[in-house]
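Here is the file query_13.tsv (TSV, C-alpha atoms).
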```
chain	number	residue	atom	x	y	z
E	15	MET	CA	20.65	58.04	-27.50
E	16	ALA	CA	18.09	57.99	-24.73
E	17	VAL	CA	14.66	59.55	-25.19
E	18	ARG	CA	13.13	60.05	-21.78
E	19	ASN	CA	9.95	62.05	-22.38
E	20	TRP	CA	6.82	60.69	-24.07
E	21	TYR	CA	4.03	62.95	-25.27
E	22	PHE	CA	0.50	62.10	-26.31
E	23	ALA	CA	-2.39	64.45	-26.95
E	24	THR	CA	-6.15	64.39	-26.70
E	25	ASN	CA	-9.26	66.50	-26.23
E	26	ASN	CA	-12.69	65.97	-24.68
E	27	ASN	CA	-13.77	63.83	-27.61
E	28	GLY	CA	-10.87	61.47	-26.95
E	29	LEU	CA	-11.59	61.40	-23.22
E	30	LEU	CA	-15.24	60.51	-23.87
E	31	ASN	CA	-14.95	58.14	-26.82
E	32	ALA	CA	-11.45	56.64	-26.72
E	33	PHE	CA	-10.58	56.47	-23.04
E	34	ASP	CA	-9.89	52.74	-23.29
E	35	GLN	CA	-7.11	53.58	-25.74
E	36	ILE	CA	-5.67	56.23	-23.41
E	37	GLN	CA	-5.69	53.68	-20.59
E	38	GLY	CA	-3.94	51.12	-22.79
E	39	ALA	CA	-1.22	53.59	-23.80
E	40	VAL	CA	-0.62	54.95	-20.31
E	41	LEU	CA	-0.70	51.66	-18.41
E	42	SER	CA	1.46	49.80	-20.94
E	43	ALA	CA	4.01	52.64	-20.87
E	44	LYS	CA	3.97	52.51	-17.09
E	45	SER	CA	4.40	48.72	-17.05
E	46	ASN	CA	6.91	48.23	-19.85
E	47	THR	CA	8.97	51.43	-20.16
E	48	THR	CA	10.85	54.00	-18.12
E	49	LEU	CA	9.40	56.89	-20.13
E	50	LYS	CA	8.21	60.04	-18.39
E	51	PRO	CA	4.66	60.70	-19.70
E	52	PHE	CA	3.17	64.04	-20.72
E	53	CYS	CA	-0.30	64.78	-22.11
E	54	ILE	CA	-1.22	67.87	-24.09
E	55	LEU	CA	-4.92	68.24	-23.36
E	56	ASP	CA	-7.62	70.44	-24.82
E	57	ASP	CA	-10.32	70.03	-22.17
E	58	ASP	CA	-12.47	73.00	-23.13
E	59	GLY	CA	-15.97	72.32	-21.83
E	60	ALA	CA	-15.01	69.45	-19.51
E	61	ASP	CA	-17.88	67.76	-17.65
E	62	ASP	CA	-18.01	65.38	-14.68
E	63	VAL	CA	-17.03	62.36	-16.79
E	64	THR	CA	-14.07	64.01	-18.46
E	65	LEU	CA	-12.90	65.56	-15.19
E	66	GLN	CA	-12.92	62.10	-13.59
E	67	ARG	CA	-10.90	60.72	-16.50
E	68	ILE	CA	-8.44	63.60	-16.35
E	69	LYS	CA	-7.91	62.80	-12.67
E	70	TRP	CA	-7.23	59.17	-13.59
E	71	ILE	CA	-4.56	60.29	-16.06
E	72	GLU	CA	-2.94	62.53	-13.45
E	73	ASP	CA	-3.09	59.74	-10.86
E	74	GLN	CA	-0.98	57.57	-13.20
E	75	GLY	CA	1.84	60.11	-12.98
E	76	VAL	CA	1.17	61.88	-16.27
E	77	THR	CA	2.00	65.58	-16.43
E	78	ILE	CA	-0.85	67.41	-18.19
E	79	HIS	CA	-0.39	70.58	-20.22
E	80	ARG	CA	-3.78	72.20	-20.85
E	81	HIS	CA	-3.73	73.85	-24.24
E	82	ARG	CA	-5.70	74.62	-27.39
E	83	SER	CA	-3.92	73.91	-30.65
E	84	THR	CA	-2.40	76.96	-32.26
E	85	MET	CA	-3.61	75.52	-35.58
E	86	LEU	CA	-7.26	76.00	-34.60
E	87	SER	CA	-7.18	79.68	-35.51
E	88	GLU	CA	-6.87	78.53	-39.12
E	89	LEU	CA	-9.06	75.43	-38.90
E	90	VAL	CA	-12.11	76.58	-36.92
E	91	PRO	CA	-13.20	79.26	-39.45
E	92	VAL	CA	-13.27	76.53	-42.13
E	93	PHE	CA	-14.50	73.46	-40.24
E	94	GLY	CA	-16.40	74.94	-37.31
E	95	ASP	CA	-17.71	72.48	-34.74
E	96	LYS	CA	-15.94	69.54	-36.42
E	97	MET	CA	-12.82	70.73	-34.68
E	98	LYS	CA	-14.39	69.84	-31.33
E	99	ILE	CA	-13.93	66.26	-32.52
E	100	TYR	CA	-10.69	66.53	-34.47
E	101	GLY	CA	-8.84	69.32	-32.67
E	102	GLY	CA	-6.76	66.82	-30.72
E	103	HIS	CA	-5.06	65.66	-33.91
E	104	TRP	CA	-3.23	68.96	-34.25
E	105	LEU	CA	-1.88	69.25	-30.71
E	106	ARG	CA	1.29	67.30	-31.55
E	107	CYS	CA	2.46	70.28	-33.61
E	108	ASP	CA	2.73	72.32	-30.39
E	109	ILE	CA	5.04	70.00	-28.43
E	110	PRO	CA	7.96	72.47	-28.75
E	111	LEU	CA	5.93	74.99	-26.74
E	112	PHE	CA	6.20	72.69	-23.70
E	113	GLU	CA	9.40	70.69	-23.99
E	114	HIS	CA	12.39	72.66	-22.75
E	115	ALA	CA	14.51	69.99	-21.05
E	116	ASP	CA	15.42	67.43	-23.72
E	117	THR	CA	16.60	67.74	-27.31
E	118	HIS	CA	14.51	64.79	-28.55
E	119	VAL	CA	11.15	63.38	-27.38
E	120	LEU	CA	8.80	60.58	-28.35
E	121	TYR	CA	5.27	61.37	-29.51
E	122	THR	CA	2.56	58.74	-30.07
E	123	ASP	CA	-1.13	58.76	-30.82
E	124	ILE	CA	-3.35	57.39	-28.06
E	125	ASP	CA	-4.15	54.14	-29.91
E	126	VAL	CA	-0.84	52.45	-29.04
E	127	ILE	CA	0.47	50.03	-26.47
E	128	PHE	CA	4.09	49.78	-25.45
E	129	LEU	CA	5.49	46.27	-25.68
E	130	LYS	CA	9.13	47.00	-24.80
E	131	ASP	CA	11.12	49.85	-23.32
E	132	VAL	CA	12.30	52.26	-26.00
E	133	VAL	CA	14.26	54.73	-23.91
E	134	GLU	CA	17.79	53.54	-24.71
E	135	THR	CA	17.23	52.54	-28.33
E	136	ALA	CA	15.72	55.68	-29.85
E	137	PRO	CA	17.38	57.23	-32.89
E	138	LYS	CA	18.43	60.86	-33.05
E	139	PRO	CA	16.73	62.42	-36.10
E	140	LYS	CA	17.69	65.73	-37.65
E	141	VAL	CA	14.02	66.79	-37.47
E	142	ILE	CA	11.67	63.82	-37.07
E	143	ALA	CA	11.81	60.05	-37.45
E	144	CYS	CA	8.71	58.05	-38.41
E	145	GLY	CA	7.76	54.64	-39.73
E	146	PRO	CA	5.71	53.54	-42.75
E	147	GLU	CA	1.98	54.02	-43.17
E	148	HIS	CA	0.36	50.77	-44.40
E	149	ASN	CA	3.13	48.53	-45.72
E	150	LYS	CA	6.24	47.31	-43.93
E	151	GLY	CA	9.37	48.99	-45.17
E	152	ASP	CA	7.53	51.44	-47.46
E	153	TYR	CA	9.00	54.85	-46.68
E	154	SER	CA	7.27	56.76	-49.46
E	155	TYR	CA	4.84	58.23	-46.90
E	156	PHE	CA	5.17	58.21	-43.13
E	157	ASN	CA	2.70	57.47	-40.39
E	158	SER	CA	2.92	60.20	-37.74
E	159	GLY	CA	1.27	58.11	-35.01
E	160	VAL	CA	4.72	57.32	-33.63
E	161	MET	CA	7.33	60.03	-34.01
E	162	ILE	CA	10.72	60.88	-32.56
E	163	MET	CA	10.96	64.67	-32.61
E	164	ASN	CA	14.02	66.88	-32.58
E	165	VAL	CA	12.34	69.59	-30.54
E	166	GLU	CA	14.39	72.59	-31.65
E	167	ALA	CA	14.40	71.61	-35.33
E	168	PHE	CA	10.65	70.97	-35.27
E	169	ALA	CA	10.08	74.35	-33.62
E	170	ARG	CA	11.88	76.03	-36.51
E	171	LYS	CA	9.42	74.35	-38.89
E	172	ARG	CA	6.24	75.51	-37.15
E	173	VAL	CA	5.95	78.68	-39.25
E	174	ALA	CA	6.23	76.54	-42.40
E	175	LEU	CA	3.55	74.21	-41.04
E	176	VAL	CA	1.12	77.08	-40.50
E	177	GLU	CA	1.79	78.57	-43.92
E	178	ALA	CA	1.36	75.18	-45.59
E	179	LEU	CA	-1.91	74.64	-43.73
E	180	LYS	CA	-3.23	78.01	-44.93
E	181	GLY	CA	-2.51	76.95	-48.49
E	182	ARG	CA	-4.45	73.69	-48.27
E	183	LEU	CA	-7.53	74.59	-46.23
E	184	SER	CA	-9.82	74.16	-49.24
E	185	THR	CA	-8.63	70.59	-49.85
E	186	THR	CA	-7.66	69.19	-46.45
E	187	ALA	CA	-9.81	67.28	-43.97
E	188	PRO	CA	-10.26	68.49	-40.37
E	189	TYR	CA	-8.33	65.49	-39.05
E	190	ASP	CA	-5.54	65.30	-41.63
E	191	ASP	CA	-2.47	66.72	-39.95
E	192	GLN	CA	-0.49	63.72	-41.20
E	193	THR	CA	-0.60	64.71	-44.89
E	194	LEU	CA	0.46	68.23	-43.94
E	195	LEU	CA	3.41	66.85	-41.98
E	196	ASN	CA	4.40	64.61	-44.89
E	197	ASP	CA	4.31	67.55	-47.29
E	198	VAL	CA	6.31	69.90	-45.07
E	199	PHE	CA	8.93	67.33	-44.02
E	200	ARG	CA	9.32	65.67	-47.42
E	201	GLY	CA	12.95	64.66	-47.83
E	202	GLU	CA	13.81	65.74	-44.29
E	203	TRP	CA	12.55	62.86	-42.15
E	204	ASP	CA	14.48	59.86	-40.88
E	205	HIS	CA	13.17	56.31	-40.90
E	206	LEU	CA	11.98	54.42	-37.85
E	207	SER	CA	12.11	50.66	-38.19
E	208	ASP	CA	8.82	48.82	-38.49
E	209	GLU	CA	9.10	47.58	-34.90
E	210	TRP	CA	8.61	51.12	-33.60
E	211	ASN	CA	5.17	51.43	-35.21
E	212	TRP	CA	3.99	47.86	-35.61
E	213	LYS	CA	0.43	47.29	-36.82
E	214	PRO	CA	-1.80	44.33	-35.84
E	215	TYR	CA	-2.56	43.72	-39.51
E	216	TRP	CA	1.12	42.91	-40.04
E	217	GLY	CA	0.73	39.87	-37.80
E	218	ARG	CA	2.54	38.93	-34.62
E	219	ASN	CA	6.08	40.19	-34.08
E	220	ASP	CA	7.84	39.44	-30.80
E	221	GLU	CA	10.44	42.12	-31.59
E	222	ALA	CA	7.85	44.93	-31.86
E	223	LYS	CA	8.41	47.82	-29.46
E	224	ILE	CA	5.23	49.87	-29.95
E	225	LEU	CA	1.97	48.44	-31.31
E	226	HIS	CA	-0.25	50.93	-33.13
E	227	PHE	CA	-3.94	50.11	-33.68
E	228	HIS	CA	-3.85	52.00	-36.96
E	229	GLY	CA	-7.28	51.54	-38.53
E	230	PRO	CA	-9.59	49.28	-36.50
E	231	LYS	CA	-9.31	49.89	-32.77
E	232	PRO	CA	-9.47	47.03	-30.27
E	233	ALA	CA	-13.22	47.52	-29.72
E	234	ASN	CA	-13.78	47.44	-33.50
E	235	ALA	CA	-11.68	44.29	-33.86
E	236	THR	CA	-13.66	42.57	-31.11
E	237	VAL	CA	-16.89	43.22	-33.02
E	238	MET	CA	-15.32	41.95	-36.23
E	239	GLN	CA	-14.07	38.83	-34.50
E	240	ALA	CA	-17.68	38.11	-33.52
E	241	GLY	CA	-18.61	38.06	-37.22
E	242	ASN	CA	-20.13	41.55	-37.48
E	243	GLN	CA	-17.88	43.07	-40.13
E	244	ASP	CA	-20.68	44.50	-42.24
E	245	ILE	CA	-21.33	47.38	-39.85
E	246	PHE	CA	-17.92	48.81	-40.79
E	247	GLY	CA	-16.79	50.51	-43.97
E	248	PRO	CA	-14.63	48.81	-46.59
E	249	ASP	CA	-11.41	50.40	-45.33
E	250	PHE	CA	-11.70	48.90	-41.85
E	251	LYS	CA	-12.77	45.52	-43.22
E	252	THR	CA	-9.87	45.40	-45.66
E	253	ILE	CA	-7.35	46.31	-42.96
E	254	TYR	CA	-8.73	43.80	-40.46
E	255	ASN	CA	-8.77	40.99	-43.00
E	256	ARG	CA	-5.09	41.44	-43.79
E	257	SER	CA	-4.43	39.54	-40.55
E	258	PRO	CA	-7.32	38.45	-38.33
E	259	GLU	CA	-4.69	36.36	-36.56
E	260	GLY	CA	-2.74	39.48	-35.70
E	261	TYR	CA	-5.78	41.04	-34.08
E	262	ALA	CA	-6.57	37.77	-32.30
E	263	TYR	CA	-3.12	37.93	-30.73
E	264	TYR	CA	-2.86	41.65	-29.95
E	265	VAL	CA	-6.38	42.53	-28.74
E	266	PRO	CA	-5.94	40.39	-25.58
E	267	VAL	CA	-2.57	42.09	-25.03
E	268	PHE	CA	-4.36	45.45	-25.14
E	269	GLU	CA	-7.04	44.19	-22.78
E	270	LYS	CA	-4.42	43.51	-20.09
E	271	TYR	CA	-4.05	47.28	-19.77
E	272	GLN	CA	-7.66	48.12	-18.96
E	273	GLU	CA	-9.03	49.12	-15.58
```
Will you turn the file into structure tokens for me?
Amino acid sequence: MAVRNWYFATNNNGLLNAFDQIQGAVLSAKSNTTLKPFCILDDDGADDVTLQRIKWIEDQGVTIHRHRSTMLSELVPVFGDKMKIYGGHWLRCDIPLFEHADTHVLYTDIDVIFLKDVVETAPKPKVIACGPEHNKGDYSYFNSGVMIMNVEAFARKRVALVEALKGRLSTTAPYDDQTLLNDVFRGEWDHLSDEWNWKPYWGRNDEAKILHFHGPKPANATVMQAGNQDIFGPDFKTIYNRSPEGYAYYVPVFEKYQE
């Protein structure tokens, strides 16, 4: 089936500190796909810099839905100002509030680049379809950074998502929507092939459709390539060192989509 609409989500923190990633996602989608882009944006407290960056996004043909995550009513009382940083993570759960035209849509995090068009090759999941987290072909736990969503079926699950979140507020992290999604959709999610959520630390793959900088971002990898790994924590270093060659290949690809 064809999936025409692509959603990503961000907040002011993303606009200020990860705008290079937003540019990479938007410009690569524009260059390499026929997707129609939408951004769910929490721009509460926007300043001159973020307003300029919002205008850039709109100028690229992206439709912006301004919105605060419905999950924040549960999260803010527990995590307070941390949600000004991490609130964007939870916006994906509200896609059904905005999508009324198509039965299925594509969601991605902002730290992706599109390598091929995906419109005509998307699967049709019963609820969602996702790829593996760290290891190719390992479907014991999904990575929600690339997700095909059955909009109506996901909407029916939103009450369960909220109730599950209420039950884990004492143990969750302010950014960890992914574990919540894995818990709620356990046994109900379809598998995306590795090529839909390819990671640089898996090495080069000319069949990859969407590249996800899961872990070290391009700017981090550039610093590591210069020999400055010790400024990063062990998780980032371990991920990067799985395939420095993969980062050496894909960081310049990302850099083509910078303005």
Find the residues near Val141 in chain E: any atom within 6 Å, counting all atoms listed in the file, skip ones fewer than 2 places away on the same chain, and give them as a PDB file with C-alpha atoms, in the coordinates of the input.
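Generated file (result_12.pdb):
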```pdb
ATOM      1  CA  PRO E 139      16.730  62.420 -36.100  1.00  0.00           C
ATOM      2  CA  ASN E 164      14.020  66.880 -32.580  1.00  0.00           C
ATOM      3  CA  ALA E 167      14.400  71.610 -35.330  1.00  0.00           C
ATOM      4  CA  PHE E 168      10.650  70.970 -35.270  1.00  0.00           C
TER       5      PHE E 168
END
```
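When CA of Gly247 in chain E is paired with CA of Glu147 in chain E, their separation reads 19.1 Å.
Proximity of E:Ser45, E:Ile109, E:Met163, E:Leu179 to Ser87 in chain E, computed with all atoms listed in the file, is greatest for E:Leu179.
Residues surrounding Thr135 in chain E within 12 Å are Met15, Ala16, Val17, Arg18, Thr47, Leu120, Lys130, Asp131, Val132, Val133, Pro137, Lys138, Ile162, Leu206, Ser207, Glu209, Trp210 and Lys223 of chain E [only C-alpha atoms; sequence separation below 2 positions excluded].
Closest approach to Asn219 in chain E from the set E:Leu129, E:Ile245, E:Gln74, E:Lys44 is made by E:Leu129, with distances taken over all atoms listed in the file.
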Tell me which protein, DNA and RNA residues are within 10 Å of Val92 in chain E, counting all atoms listed in the file, leaving out same-chain ones fewer than 5 positions away, and put them as number ranges by chain.
E: 86-87, 97, 183-184, 188
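Interatomic distance, CA of Trp20 in chain E to CA of Tyr121 in chain E: 5.7 Å.
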Would you kindly return, as JSON, numbers by chain, each protein, DNA or RNA residue with an atom no farther than 12 Å from any atom of Ala39 in chain E, considering all atoms listed in the file and excluding same-chain residues fewer than 4 positions away?
{"E": [20, 21, 22, 23, 32, 33, 34, 35, 43, 44, 45, 46, 47, 49, 51, 52, 53, 71, 74, 76, 121, 122, 123, 124, 125, 126, 127, 128, 129, 224, 225, 226, 227, 267, 268, 269, 270, 271, 272]}
Residue contacts of Tyr215 in chain E (7 Å, only C-alpha atoms) excluding same-chain residues fewer than 6 positions away, as an MDAnalysis selection string
chainID E and resid 253:254 256:257 260:261
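Residues with any atom within 12 Å of the point (7.3, 70.0, -48.3), counting only C-alpha atoms, are Lys171, Ala174, Leu175, Glu177, Ala178, Leu179, Thr193, Leu194, Leu195, Asn196, Asp197, Val198, Phe199, Arg200, Gly201, Glu202 and Trp203 of chain E.
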